[in-house]
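run08.cif (mmCIF, N, CA and C atoms) appears below.
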data_final
#
loop_
_atom_site.label_atom_id
_atom_site.label_comp_id
_atom_site.auth_asym_id
_atom_site.auth_seq_id
_atom_site.Cartn_x
_atom_site.Cartn_y
_atom_site.Cartn_z
N PHE A 67 -54.20 -91.51 61.83
CA PHE A 67 -54.49 -90.45 60.88
C PHE A 67 -55.91 -90.57 60.34
N LEU A 68 -56.42 -91.77 60.24
CA LEU A 68 -57.76 -91.99 59.71
C LEU A 68 -58.83 -91.42 60.66
N MET A 69 -58.60 -91.50 61.97
CA MET A 69 -59.60 -91.03 62.93
C MET A 69 -59.65 -89.51 62.99
N THR A 70 -58.56 -88.84 62.70
CA THR A 70 -58.54 -87.37 62.76
C THR A 70 -58.68 -86.74 61.38
N SER A 71 -58.99 -87.52 60.38
CA SER A 71 -59.01 -87.04 59.00
C SER A 71 -60.06 -85.95 58.78
N LYS A 72 -61.29 -86.17 59.22
CA LYS A 72 -62.35 -85.20 58.96
C LYS A 72 -62.16 -83.93 59.77
N ARG A 73 -61.76 -84.08 61.05
CA ARG A 73 -61.59 -82.90 61.91
C ARG A 73 -60.44 -82.01 61.46
N CYS A 74 -59.36 -82.63 60.98
CA CYS A 74 -58.14 -81.86 60.68
C CYS A 74 -57.92 -81.64 59.18
N GLY A 75 -58.81 -82.10 58.35
CA GLY A 75 -58.70 -81.86 56.91
C GLY A 75 -57.54 -82.60 56.25
N LEU A 76 -57.32 -83.84 56.65
CA LEU A 76 -56.20 -84.61 56.10
C LEU A 76 -56.54 -85.28 54.77
N GLN A 77 -57.78 -85.38 54.46
CA GLN A 77 -58.26 -86.01 53.23
C GLN A 77 -57.77 -87.46 53.09
N THR A 78 -57.82 -88.17 54.21
CA THR A 78 -57.50 -89.60 54.18
C THR A 78 -58.81 -90.35 54.39
N SER A 79 -59.51 -90.55 53.31
CA SER A 79 -60.83 -91.16 53.41
C SER A 79 -60.77 -92.67 53.50
N THR A 80 -59.67 -93.27 53.10
CA THR A 80 -59.55 -94.73 53.15
C THR A 80 -58.38 -95.11 54.05
N TYR A 81 -58.38 -96.36 54.44
CA TYR A 81 -57.31 -96.87 55.29
C TYR A 81 -55.97 -96.82 54.56
N LEU A 82 -55.96 -97.10 53.27
CA LEU A 82 -54.73 -97.09 52.50
C LEU A 82 -54.10 -95.69 52.45
N ARG A 83 -54.93 -94.67 52.29
CA ARG A 83 -54.39 -93.29 52.29
C ARG A 83 -53.84 -92.90 53.66
N ALA A 84 -54.47 -93.39 54.72
CA ALA A 84 -53.96 -93.13 56.07
C ALA A 84 -52.60 -93.81 56.27
N VAL A 85 -52.44 -95.01 55.74
CA VAL A 85 -51.15 -95.71 55.84
C VAL A 85 -50.09 -94.95 55.04
N TYR A 86 -50.44 -94.48 53.85
CA TYR A 86 -49.48 -93.70 53.06
C TYR A 86 -49.03 -92.44 53.81
N LEU A 87 -49.95 -91.76 54.47
CA LEU A 87 -49.60 -90.57 55.23
C LEU A 87 -48.71 -90.93 56.42
N ALA A 88 -49.00 -92.06 57.06
CA ALA A 88 -48.17 -92.49 58.19
C ALA A 88 -46.75 -92.81 57.72
N VAL A 89 -46.61 -93.46 56.57
CA VAL A 89 -45.28 -93.77 56.03
C VAL A 89 -44.55 -92.49 55.66
N GLU A 90 -45.25 -91.54 55.06
CA GLU A 90 -44.63 -90.25 54.73
C GLU A 90 -44.15 -89.53 55.99
N THR A 91 -44.91 -89.64 57.06
CA THR A 91 -44.55 -88.98 58.31
C THR A 91 -43.31 -89.64 58.94
N VAL A 92 -43.29 -90.95 59.00
CA VAL A 92 -42.19 -91.66 59.64
C VAL A 92 -40.91 -91.52 58.82
N GLN A 93 -41.00 -91.58 57.51
CA GLN A 93 -39.82 -91.52 56.66
C GLN A 93 -39.41 -90.10 56.33
N ALA A 94 -40.13 -89.12 56.82
CA ALA A 94 -39.84 -87.69 56.60
C ALA A 94 -39.74 -87.36 55.11
N ILE A 95 -40.61 -87.98 54.32
CA ILE A 95 -40.66 -87.69 52.88
C ILE A 95 -41.34 -86.36 52.64
N GLY A 96 -42.34 -86.08 53.44
CA GLY A 96 -43.12 -84.86 53.28
C GLY A 96 -44.58 -85.20 53.42
N PHE A 97 -45.40 -84.20 53.57
CA PHE A 97 -46.82 -84.44 53.76
C PHE A 97 -47.57 -84.27 52.45
N GLY A 98 -48.42 -85.23 52.15
CA GLY A 98 -49.25 -85.15 50.95
C GLY A 98 -50.63 -84.62 51.26
N ILE A 99 -50.69 -83.60 52.09
CA ILE A 99 -51.97 -83.01 52.47
C ILE A 99 -51.97 -81.54 52.09
N PRO A 100 -53.16 -80.96 51.84
CA PRO A 100 -53.21 -79.57 51.39
C PRO A 100 -52.79 -78.56 52.47
N ASP A 101 -53.08 -78.83 53.74
CA ASP A 101 -52.74 -77.88 54.81
C ASP A 101 -51.76 -78.55 55.77
N PRO A 102 -50.49 -78.17 55.75
CA PRO A 102 -49.52 -78.82 56.64
C PRO A 102 -49.71 -78.46 58.11
N TYR A 103 -50.57 -77.51 58.41
CA TYR A 103 -50.84 -77.13 59.80
C TYR A 103 -52.09 -77.81 60.34
N PHE A 104 -52.66 -78.73 59.61
CA PHE A 104 -53.81 -79.54 60.03
C PHE A 104 -55.01 -78.68 60.42
N ASN A 105 -55.22 -77.55 59.77
CA ASN A 105 -56.34 -76.65 60.05
C ASN A 105 -56.40 -76.27 61.52
N ASP A 106 -55.25 -76.03 62.14
CA ASP A 106 -55.14 -75.69 63.57
C ASP A 106 -55.84 -76.71 64.46
N CYS A 107 -55.66 -77.98 64.14
CA CYS A 107 -56.30 -79.07 64.87
C CYS A 107 -55.27 -79.72 65.80
N TRP A 108 -55.60 -79.75 67.12
CA TRP A 108 -54.66 -80.32 68.09
C TRP A 108 -54.54 -81.83 67.97
N SER A 109 -55.61 -82.50 67.65
CA SER A 109 -55.54 -83.97 67.57
C SER A 109 -54.63 -84.41 66.43
N GLY A 110 -54.59 -83.66 65.34
CA GLY A 110 -53.67 -83.98 64.25
C GLY A 110 -52.22 -83.85 64.68
N LEU A 111 -51.95 -82.82 65.49
CA LEU A 111 -50.58 -82.62 66.00
C LEU A 111 -50.18 -83.76 66.94
N VAL A 112 -51.10 -84.18 67.79
CA VAL A 112 -50.80 -85.28 68.72
C VAL A 112 -50.53 -86.56 67.95
N VAL A 113 -51.34 -86.84 66.94
CA VAL A 113 -51.14 -88.05 66.12
C VAL A 113 -49.81 -87.96 65.36
N LEU A 114 -49.49 -86.78 64.85
CA LEU A 114 -48.23 -86.58 64.14
C LEU A 114 -47.04 -86.81 65.07
N MET A 115 -47.09 -86.26 66.28
CA MET A 115 -45.99 -86.44 67.23
C MET A 115 -45.87 -87.90 67.66
N ALA A 116 -46.97 -88.57 67.90
CA ALA A 116 -46.93 -89.98 68.30
C ALA A 116 -46.37 -90.84 67.17
N SER A 117 -46.77 -90.53 65.95
CA SER A 117 -46.27 -91.28 64.80
C SER A 117 -44.77 -91.07 64.61
N GLY A 118 -44.32 -89.84 64.72
CA GLY A 118 -42.88 -89.56 64.57
C GLY A 118 -42.06 -90.20 65.67
N LEU A 119 -42.53 -90.15 66.91
CA LEU A 119 -41.82 -90.74 68.04
C LEU A 119 -41.76 -92.26 67.93
N SER A 120 -42.90 -92.88 67.61
CA SER A 120 -42.90 -94.34 67.49
C SER A 120 -42.04 -94.79 66.30
N GLY A 121 -42.02 -94.02 65.22
CA GLY A 121 -41.16 -94.37 64.09
C GLY A 121 -39.69 -94.27 64.43
N SER A 122 -39.32 -93.24 65.20
CA SER A 122 -37.92 -93.09 65.62
C SER A 122 -37.50 -94.23 66.54
N ILE A 123 -38.37 -94.60 67.47
CA ILE A 123 -38.06 -95.70 68.38
C ILE A 123 -37.93 -97.01 67.61
N LEU A 124 -38.82 -97.23 66.65
CA LEU A 124 -38.75 -98.45 65.84
C LEU A 124 -37.47 -98.51 65.02
N GLN A 125 -37.08 -97.40 64.42
CA GLN A 125 -35.84 -97.37 63.64
C GLN A 125 -34.63 -97.59 64.54
N ALA A 126 -34.60 -97.00 65.72
CA ALA A 126 -33.49 -97.21 66.65
C ALA A 126 -33.40 -98.67 67.08
N LEU A 127 -34.54 -99.30 67.30
CA LEU A 127 -34.57 -100.71 67.68
C LEU A 127 -34.04 -101.60 66.56
N VAL A 128 -34.47 -101.35 65.35
CA VAL A 128 -34.02 -102.15 64.21
C VAL A 128 -32.52 -101.97 63.98
N ILE A 129 -32.03 -100.74 64.07
CA ILE A 129 -30.59 -100.49 63.88
C ILE A 129 -29.79 -101.18 64.97
N SER A 130 -30.24 -101.12 66.22
CA SER A 130 -29.50 -101.77 67.29
C SER A 130 -29.50 -103.29 67.14
N LEU A 131 -30.60 -103.87 66.69
CA LEU A 131 -30.64 -105.31 66.47
C LEU A 131 -29.71 -105.74 65.34
N VAL A 132 -29.70 -104.98 64.25
CA VAL A 132 -28.82 -105.31 63.12
C VAL A 132 -27.37 -105.15 63.53
N TYR A 133 -27.03 -104.09 64.24
CA TYR A 133 -25.65 -103.86 64.66
C TYR A 133 -25.20 -104.96 65.63
N THR A 134 -26.07 -105.34 66.55
CA THR A 134 -25.73 -106.40 67.50
C THR A 134 -25.52 -107.72 66.77
N ARG A 135 -26.33 -107.97 65.79
CA ARG A 135 -26.22 -109.22 65.03
C ARG A 135 -24.92 -109.27 64.23
N LEU A 136 -24.51 -108.14 63.66
CA LEU A 136 -23.31 -108.12 62.83
C LEU A 136 -22.02 -108.11 63.63
N SER A 137 -22.05 -107.59 64.84
CA SER A 137 -20.81 -107.42 65.58
C SER A 137 -20.68 -108.38 66.75
N ARG A 138 -21.17 -109.58 66.62
CA ARG A 138 -21.12 -110.53 67.72
C ARG A 138 -19.67 -110.89 68.06
N PRO A 139 -19.10 -110.31 69.11
CA PRO A 139 -17.70 -110.60 69.41
C PRO A 139 -17.48 -112.00 69.97
N GLN A 140 -18.47 -112.57 70.64
CA GLN A 140 -18.27 -113.89 71.21
C GLN A 140 -18.11 -114.96 70.14
N SER A 141 -18.89 -114.87 69.07
CA SER A 141 -18.73 -115.86 68.02
C SER A 141 -17.42 -115.64 67.28
N ARG A 142 -16.97 -114.40 67.20
CA ARG A 142 -15.68 -114.11 66.57
C ARG A 142 -14.54 -114.64 67.42
N ALA A 143 -14.67 -114.55 68.73
CA ALA A 143 -13.62 -115.03 69.62
C ALA A 143 -13.46 -116.55 69.54
N SER A 144 -14.51 -117.25 69.19
CA SER A 144 -14.41 -118.72 69.08
C SER A 144 -13.73 -119.14 67.78
N THR A 145 -13.52 -118.24 66.84
CA THR A 145 -12.84 -118.61 65.60
C THR A 145 -11.34 -118.35 65.66
N VAL A 146 -10.86 -117.76 66.74
CA VAL A 146 -9.42 -117.57 66.93
C VAL A 146 -8.95 -118.71 67.82
N VAL A 147 -8.00 -119.50 67.31
CA VAL A 147 -7.57 -120.71 67.99
C VAL A 147 -6.10 -120.60 68.34
N PHE A 148 -5.75 -121.00 69.55
CA PHE A 148 -4.36 -121.04 69.99
C PHE A 148 -3.87 -122.49 69.95
N SER A 149 -2.59 -122.67 69.76
CA SER A 149 -2.03 -124.02 69.71
C SER A 149 -2.14 -124.67 71.09
N GLU A 150 -2.29 -125.99 71.08
CA GLU A 150 -2.41 -126.72 72.34
C GLU A 150 -1.06 -126.89 73.03
N LYS A 151 0.00 -126.84 72.27
CA LYS A 151 1.34 -127.02 72.83
C LYS A 151 2.17 -125.78 72.53
N ALA A 152 3.05 -125.46 73.46
CA ALA A 152 3.94 -124.31 73.30
C ALA A 152 5.37 -124.79 73.48
N VAL A 153 6.31 -123.97 73.06
CA VAL A 153 7.73 -124.33 73.12
C VAL A 153 8.48 -123.25 73.89
N ILE A 154 9.35 -123.67 74.77
CA ILE A 154 10.28 -122.76 75.44
C ILE A 154 11.66 -123.11 74.94
N CYS A 155 12.33 -122.14 74.32
CA CYS A 155 13.64 -122.43 73.75
C CYS A 155 14.56 -121.23 73.91
N ASP A 156 15.82 -121.45 73.59
CA ASP A 156 16.85 -120.42 73.68
C ASP A 156 17.09 -119.88 72.27
N VAL A 157 16.81 -118.58 72.06
CA VAL A 157 17.03 -117.93 70.78
C VAL A 157 18.01 -116.78 71.01
N GLN A 158 19.21 -116.92 70.50
CA GLN A 158 20.26 -115.91 70.60
C GLN A 158 20.49 -115.46 72.04
N GLY A 159 20.54 -116.43 72.94
CA GLY A 159 20.84 -116.14 74.34
C GLY A 159 19.65 -115.70 75.17
N GLN A 160 18.45 -115.65 74.60
CA GLN A 160 17.26 -115.26 75.36
C GLN A 160 16.28 -116.43 75.39
N ILE A 161 15.66 -116.61 76.53
CA ILE A 161 14.65 -117.65 76.67
C ILE A 161 13.37 -117.15 76.03
N CYS A 162 12.80 -117.93 75.10
CA CYS A 162 11.58 -117.52 74.38
C CYS A 162 10.48 -118.55 74.60
N PHE A 163 9.27 -118.04 74.76
CA PHE A 163 8.07 -118.85 74.86
C PHE A 163 7.33 -118.68 73.54
N MET A 164 7.15 -119.75 72.77
CA MET A 164 6.55 -119.63 71.44
C MET A 164 5.27 -120.46 71.37
N PHE A 165 4.27 -119.88 70.74
CA PHE A 165 3.01 -120.56 70.49
C PHE A 165 2.44 -120.04 69.18
N GLN A 166 1.42 -120.69 68.67
CA GLN A 166 0.83 -120.29 67.39
C GLN A 166 -0.61 -119.86 67.60
N VAL A 167 -1.03 -118.90 66.78
CA VAL A 167 -2.41 -118.41 66.78
C VAL A 167 -2.93 -118.54 65.35
N CYS A 168 -4.15 -119.04 65.22
CA CYS A 168 -4.74 -119.23 63.88
C CYS A 168 -6.15 -118.64 63.86
N ASP A 169 -6.48 -117.99 62.75
CA ASP A 169 -7.83 -117.46 62.55
C ASP A 169 -8.56 -118.41 61.60
N LEU A 170 -9.69 -118.96 62.04
CA LEU A 170 -10.41 -119.94 61.23
C LEU A 170 -11.24 -119.30 60.12
N ARG A 171 -11.50 -118.02 60.21
CA ARG A 171 -12.26 -117.34 59.16
C ARG A 171 -11.32 -116.88 58.07
N LYS A 172 -11.88 -116.62 56.90
CA LYS A 172 -11.04 -116.18 55.80
C LYS A 172 -10.79 -114.67 55.82
N HIS A 173 -11.53 -113.92 56.65
CA HIS A 173 -11.31 -112.48 56.76
C HIS A 173 -10.26 -112.20 57.82
N GLN A 174 -9.44 -111.21 57.59
CA GLN A 174 -8.38 -110.89 58.53
C GLN A 174 -8.94 -110.10 59.71
N LEU A 175 -8.28 -110.26 60.85
CA LEU A 175 -8.64 -109.48 62.02
C LEU A 175 -8.06 -108.08 61.89
N VAL A 176 -8.82 -107.10 62.30
CA VAL A 176 -8.37 -105.71 62.25
C VAL A 176 -8.08 -105.27 63.68
N GLU A 177 -6.90 -104.73 63.91
CA GLU A 177 -6.46 -104.26 65.21
C GLU A 177 -6.62 -105.31 66.30
N ALA A 178 -6.08 -106.47 66.06
CA ALA A 178 -6.13 -107.55 67.05
C ALA A 178 -5.14 -107.27 68.17
N HIS A 179 -5.55 -107.52 69.38
CA HIS A 179 -4.70 -107.32 70.55
C HIS A 179 -4.59 -108.64 71.30
N VAL A 180 -3.36 -109.04 71.61
CA VAL A 180 -3.13 -110.28 72.34
C VAL A 180 -2.30 -109.93 73.57
N ARG A 181 -2.73 -110.43 74.70
CA ARG A 181 -1.97 -110.26 75.94
C ARG A 181 -1.62 -111.64 76.45
N VAL A 182 -0.39 -111.80 76.90
CA VAL A 182 0.07 -113.07 77.43
C VAL A 182 0.52 -112.85 78.86
N TYR A 183 0.05 -113.69 79.75
CA TYR A 183 0.42 -113.61 81.15
C TYR A 183 1.05 -114.92 81.58
N CYS A 184 2.05 -114.82 82.40
CA CYS A 184 2.71 -115.99 82.96
C CYS A 184 2.28 -116.08 84.42
N ILE A 185 1.78 -117.23 84.81
CA ILE A 185 1.39 -117.45 86.20
C ILE A 185 2.46 -118.34 86.82
N GLN A 186 3.16 -117.79 87.76
CA GLN A 186 4.27 -118.49 88.38
C GLN A 186 3.84 -118.87 89.80
N HIS A 187 4.01 -120.14 90.14
CA HIS A 187 3.70 -120.54 91.51
C HIS A 187 4.98 -121.05 92.18
N ARG A 188 5.05 -120.74 93.46
CA ARG A 188 6.24 -121.08 94.22
C ARG A 188 5.79 -121.58 95.59
N PRO A 189 6.16 -122.79 95.95
CA PRO A 189 5.77 -123.28 97.27
C PRO A 189 6.60 -122.61 98.38
N THR A 190 5.94 -122.26 99.43
CA THR A 190 6.59 -121.73 100.62
C THR A 190 6.31 -122.69 101.78
N ARG A 191 6.77 -122.34 102.96
CA ARG A 191 6.56 -123.23 104.10
C ARG A 191 5.08 -123.33 104.47
N ALA A 192 4.36 -122.21 104.34
CA ALA A 192 2.96 -122.20 104.76
C ALA A 192 2.00 -122.58 103.64
N SER A 193 2.26 -122.11 102.42
CA SER A 193 1.33 -122.36 101.32
C SER A 193 2.06 -122.20 99.99
N VAL A 194 1.28 -122.09 98.93
CA VAL A 194 1.83 -121.87 97.60
C VAL A 194 1.51 -120.43 97.19
N VAL A 195 2.50 -119.72 96.69
CA VAL A 195 2.32 -118.33 96.27
C VAL A 195 2.20 -118.29 94.75
N PHE A 196 1.16 -117.64 94.28
CA PHE A 196 0.96 -117.47 92.84
C PHE A 196 1.27 -116.02 92.48
N GLN A 197 2.00 -115.86 91.39
CA GLN A 197 2.35 -114.52 90.93
C GLN A 197 2.07 -114.44 89.44
N THR A 198 1.37 -113.36 89.02
CA THR A 198 1.06 -113.16 87.61
C THR A 198 1.98 -112.10 87.04
N ARG A 199 2.57 -112.42 85.89
CA ARG A 199 3.45 -111.48 85.24
C ARG A 199 3.03 -111.32 83.78
N ALA A 200 3.02 -110.09 83.32
CA ALA A 200 2.71 -109.82 81.91
C ALA A 200 3.96 -110.10 81.09
N MET A 201 3.78 -110.76 79.95
CA MET A 201 4.91 -111.07 79.08
C MET A 201 4.89 -110.13 77.87
N ARG A 202 6.05 -109.75 77.42
CA ARG A 202 6.16 -108.88 76.26
C ARG A 202 6.16 -109.74 75.00
N LEU A 203 5.30 -109.38 74.04
CA LEU A 203 5.20 -110.15 72.80
C LEU A 203 6.09 -109.51 71.72
N GLN A 204 6.71 -110.36 70.94
CA GLN A 204 7.49 -109.92 69.80
C GLN A 204 7.03 -110.68 68.58
N HIS A 205 6.83 -109.97 67.51
CA HIS A 205 6.42 -110.61 66.26
C HIS A 205 7.66 -111.21 65.59
N PRO A 206 7.58 -112.44 65.10
CA PRO A 206 8.77 -113.04 64.48
C PRO A 206 9.22 -112.33 63.22
#

Once you've parsed the file, please lay out its structure as structure tokens.
Amino acid sequence: FLMTSKRCGLQTSTYLRAVYLAVETVQAIGFGIPDPYFNDCWSGLVVLMASGLSGSILQALVISLVYTRLSRPQSRASTVVFSEKAVICDVQGQICFMFQVCDLRKHQLVEAHVRVYCIQHRPTRASVVFQTRAMRLQHP
């Protein structure tokens, strides 16, 4: 903005006033200049468009970095702990597989989904056959 000030009538005679105009442009506060059309000056329009585009890209970058930092699922997954030992027992005539899950953080999980699979292997004459079966979970 400082380089196009005289040609486009921006009245930014100092570096500080040019920075103020750039901040007003990026934050869409409004223009503190007497002629919002830059006295029909093309270079002012180019600088305005470049400033607006670079400000939008910078804001998108900052928002994506903050969102990525706050929603780290891998670190959250390491705070959910499963028991090392499980129990298979008979409950009212049905065979049950029981284990415990603990959340190490003090905040509760929202919409947690747990899937349990049973991997069954059976030796045959030629090799060993592995079969994966999904197990149905029941809350106690």

Can you list, as a short mmCIF file (atom, residue, chain, number, x, y, z; two decimals) with N, CA and C atoms, keeping the file's coordinate frame, the residues that the PyMOL selection byres ((chain A and resi 168) around 8) selects here?
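Everything below was put into part_28.cif:
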data_model
loop_
_atom_site.label_atom_id
_atom_site.label_comp_id
_atom_site.auth_asym_id
_atom_site.auth_seq_id
_atom_site.Cartn_x
_atom_site.Cartn_y
_atom_site.Cartn_z
N THR A 145 -13.52 -118.24 66.84
CA THR A 145 -12.84 -118.61 65.60
C THR A 145 -11.34 -118.35 65.66
N VAL A 146 -10.86 -117.76 66.74
CA VAL A 146 -9.42 -117.57 66.93
C VAL A 146 -8.95 -118.71 67.82
N VAL A 147 -8.00 -119.50 67.31
CA VAL A 147 -7.57 -120.71 67.99
C VAL A 147 -6.10 -120.60 68.34
N PHE A 148 -5.75 -121.00 69.55
CA PHE A 148 -4.36 -121.04 69.99
C PHE A 148 -3.87 -122.49 69.95
N SER A 149 -2.59 -122.67 69.76
CA SER A 149 -2.03 -124.02 69.71
C SER A 149 -2.14 -124.67 71.09
N PHE A 165 4.27 -119.88 70.74
CA PHE A 165 3.01 -120.56 70.49
C PHE A 165 2.44 -120.04 69.18
N GLN A 166 1.42 -120.69 68.67
CA GLN A 166 0.83 -120.29 67.39
C GLN A 166 -0.61 -119.86 67.60
N VAL A 167 -1.03 -118.90 66.78
CA VAL A 167 -2.41 -118.41 66.78
C VAL A 167 -2.93 -118.54 65.35
N ASP A 169 -6.48 -117.99 62.75
CA ASP A 169 -7.83 -117.46 62.55
C ASP A 169 -8.56 -118.41 61.60
N LEU A 170 -9.69 -118.96 62.04
CA LEU A 170 -10.41 -119.94 61.23
C LEU A 170 -11.24 -119.30 60.12
N ARG A 171 -11.50 -118.02 60.21
CA ARG A 171 -12.26 -117.34 59.16
C ARG A 171 -11.32 -116.88 58.07
#

Taking (8.7, -115.7, 89.6) in the file's own coordinates, collect the residues within 7 Å, counting only N, CA and C atoms, and hand them back as a list in words.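 I get Gln186, His187 and Gln197 of chain A for the residues within 7 Å of that point.
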
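Here atom N of A:Val180 is placed at a distance of 13.4 Å from atom N of A:Ala200.
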
Please identify which residues in chain A DSSP calls strand (DSSP E) from the backbone, and express them as a PyMOL selection string. chain A and resi 146-148+153-157+160-164+167-169+182-189+194-201

Kindly give the distance, in Å, that separates atom C of A:Val92 and atom N of A:Ser137, rounded to a single decimal.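 That distance, rounded to one decimal, is 25.5 Å.
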
Rounded to one decimal in Å, what is the spacing between atom N of A:Val132 and atom N of A:Tyr86?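 Those two atoms sit 25.5 Å apart.
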
List as an mmCIF file with N, CA and C atoms, in the frame of the given file the protein and nucleic acid residues near A:Ile185, meaning an atom at most 6.5 Å away when all atoms listed in the file are counted, but skip any in the same chain fewer than 3 places from it.
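Listing of selection_37.cif after writing:
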data_model
loop_
_atom_site.group_PDB
_atom_site.id
_atom_site.type_symbol
_atom_site.label_atom_id
_atom_site.label_comp_id
_atom_site.auth_asym_id
_atom_site.auth_seq_id
_atom_site.Cartn_x
_atom_site.Cartn_y
_atom_site.Cartn_z
ATOM 1 N N PHE A 196 1.160 -117.640 94.280
ATOM 2 C CA PHE A 196 0.960 -117.470 92.840
ATOM 3 C C PHE A 196 1.270 -116.020 92.480
ATOM 4 N N GLN A 197 2.000 -115.860 91.390
ATOM 5 C CA GLN A 197 2.350 -114.520 90.930
ATOM 6 C C GLN A 197 2.070 -114.440 89.440
ATOM 7 N N THR A 198 1.370 -113.360 89.020
ATOM 8 C CA THR A 198 1.060 -113.160 87.610
ATOM 9 C C THR A 198 1.980 -112.100 87.040
ATOM 10 N N ARG A 199 2.570 -112.420 85.890
ATOM 11 C CA ARG A 199 3.450 -111.480 85.240
ATOM 12 C C ARG A 199 3.030 -111.320 83.780
#

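Closest approach to A:Ser71 among A:Ser193, A:Gln204, A:Ser130, A:Ser109: A:Ser109, based on only C-alpha atoms.
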
Would you translate the PyMOL selection byres (((chain A and resi 182 and name CA) around 6) and name CA) into the concrete set of residues it matches in this file, as a compact mmCIF listing (two decimals) with N, CA and C atoms, keeping the file's coordinate frame?
# COMPACT_ATOMS: atom_id res chain seq x y z
N ARG A 181 -2.73 -110.43 74.70
CA ARG A 181 -1.97 -110.26 75.94
C ARG A 181 -1.62 -111.64 76.45
N TYR A 183 0.05 -113.69 79.75
CA TYR A 183 0.42 -113.61 81.15
C TYR A 183 1.05 -114.92 81.58
N MET A 201 3.78 -110.76 79.95
CA MET A 201 4.91 -111.07 79.08
C MET A 201 4.89 -110.13 77.87

Edge lengths and centre in Å to one decimal, as lines of an AutoDock Vina configuration file, is what I'm after for the box along x, y and z that holds all listed atoms of stretch 150-158 of chain A once 6 Å is added on each side.
center_x = 9.0
center_y = -121.2
center_z = 73.0
size_x = 34.9
size_y = 23.6
size_z = 16.9

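Using only C-alpha atoms for every distance, the candidate list A:Leu114, A:Cys155, A:Cys107, A:Met164 yields A:Leu114 as the residue closest to A:Ala84.
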
Can you work out which one of A:Ala88, A:Leu136, A:Cys74, A:Ala178 has the shortest atom-to-atom distance to A:Gly121, counting only C-alpha atoms? A:Ala88

Nearest to A:Arg73 among A:Ala116, A:Thr91, A:Val85, A:Asn105, with distances taken over only C-alpha atoms: which residue is it?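 So, comparing all the options, the nearest one is A:Asn105.
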
Quick one: stretch 71-82 of chain A from the block, N, CA, C and O atoms, as a PDB file, in the first residue's frame.
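Everything below was put into selection28.pdb:
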ATOM      1  N   SER A  71       0.678   4.551  -2.807  1.00  0.00           N
ATOM      2  CA  SER A  71      -0.020   5.599  -2.069  1.00  0.00           C
ATOM      3  C   SER A  71      -0.179   6.880  -2.878  1.00  0.00           C
ATOM      4  O   SER A  71      -1.274   7.431  -2.966  1.00  0.00           O
ATOM      5  N   LYS A  72       0.887   7.376  -3.480  1.00  0.00           N
ATOM      6  CA  LYS A  72       0.808   8.645  -4.201  1.00  0.00           C
ATOM      7  C   LYS A  72      -0.005   8.517  -5.475  1.00  0.00           C
ATOM      8  O   LYS A  72      -0.801   9.382  -5.822  1.00  0.00           O
ATOM      9  N   ARG A  73       0.181   7.401  -6.214  1.00  0.00           N
ATOM     10  CA  ARG A  73      -0.539   7.224  -7.472  1.00  0.00           C
ATOM     11  C   ARG A  73      -2.037   7.061  -7.271  1.00  0.00           C
ATOM     12  O   ARG A  73      -2.835   7.527  -8.060  1.00  0.00           O
ATOM     13  N   CYS A  74      -2.426   6.364  -6.205  1.00  0.00           N
ATOM     14  CA  CYS A  74      -3.837   6.016  -6.019  1.00  0.00           C
ATOM     15  C   CYS A  74      -4.538   6.859  -4.959  1.00  0.00           C
ATOM     16  O   CYS A  74      -5.707   6.628  -4.660  1.00  0.00           O
ATOM     17  N   GLY A  75      -3.863   7.802  -4.365  1.00  0.00           N
ATOM     18  CA  GLY A  75      -4.487   8.693  -3.390  1.00  0.00           C
ATOM     19  C   GLY A  75      -4.880   8.001  -2.088  1.00  0.00           C
ATOM     20  O   GLY A  75      -5.934   8.276  -1.523  1.00  0.00           O
ATOM     21  N   LEU A  76      -4.032   7.123  -1.598  1.00  0.00           N
ATOM     22  CA  LEU A  76      -4.349   6.387  -0.370  1.00  0.00           C
ATOM     23  C   LEU A  76      -4.007   7.168   0.896  1.00  0.00           C
ATOM     24  O   LEU A  76      -4.446   6.802   1.972  1.00  0.00           O
ATOM     25  N   GLN A  77      -3.215   8.169   0.776  1.00  0.00           N
ATOM     26  CA  GLN A  77      -2.782   9.006   1.901  1.00  0.00           C
ATOM     27  C   GLN A  77      -2.099   8.183   2.995  1.00  0.00           C
ATOM     28  O   GLN A  77      -2.328   8.354   4.177  1.00  0.00           O
ATOM     29  N   THR A  78      -1.261   7.255   2.558  1.00  0.00           N
ATOM     30  CA  THR A  78      -0.447   6.486   3.511  1.00  0.00           C
ATOM     31  C   THR A  78       0.987   6.965   3.356  1.00  0.00           C
ATOM     32  O   THR A  78       1.788   6.367   2.662  1.00  0.00           O
ATOM     33  N   SER A  79       1.293   8.032   4.043  1.00  0.00           N
ATOM     34  CA  SER A  79       2.606   8.641   3.888  1.00  0.00           C
ATOM     35  C   SER A  79       3.672   7.940   4.712  1.00  0.00           C
ATOM     36  O   SER A  79       4.860   8.064   4.421  1.00  0.00           O
ATOM     37  N   THR A  80       3.284   7.201   5.722  1.00  0.00           N
ATOM     38  CA  THR A  80       4.266   6.511   6.564  1.00  0.00           C
ATOM     39  C   THR A  80       4.021   5.003   6.499  1.00  0.00           C
ATOM     40  O   THR A  80       2.955   4.533   6.080  1.00  0.00           O
ATOM     41  N   TYR A  81       5.026   4.276   6.931  1.00  0.00           N
ATOM     42  CA  TYR A  81       4.920   2.818   6.951  1.00  0.00           C
ATOM     43  C   TYR A  81       3.818   2.362   7.904  1.00  0.00           C
ATOM     44  O   TYR A  81       3.084   1.419   7.613  1.00  0.00           O
ATOM     45  N   LEU A  82       3.671   3.030   9.032  1.00  0.00           N
ATOM     46  CA  LEU A  82       2.664   2.658  10.014  1.00  0.00           C
ATOM     47  C   LEU A  82       1.248   2.812   9.449  1.00  0.00           C
ATOM     48  O   LEU A  82       0.390   1.953   9.660  1.00  0.00           O
TER      49      LEU A  82
END
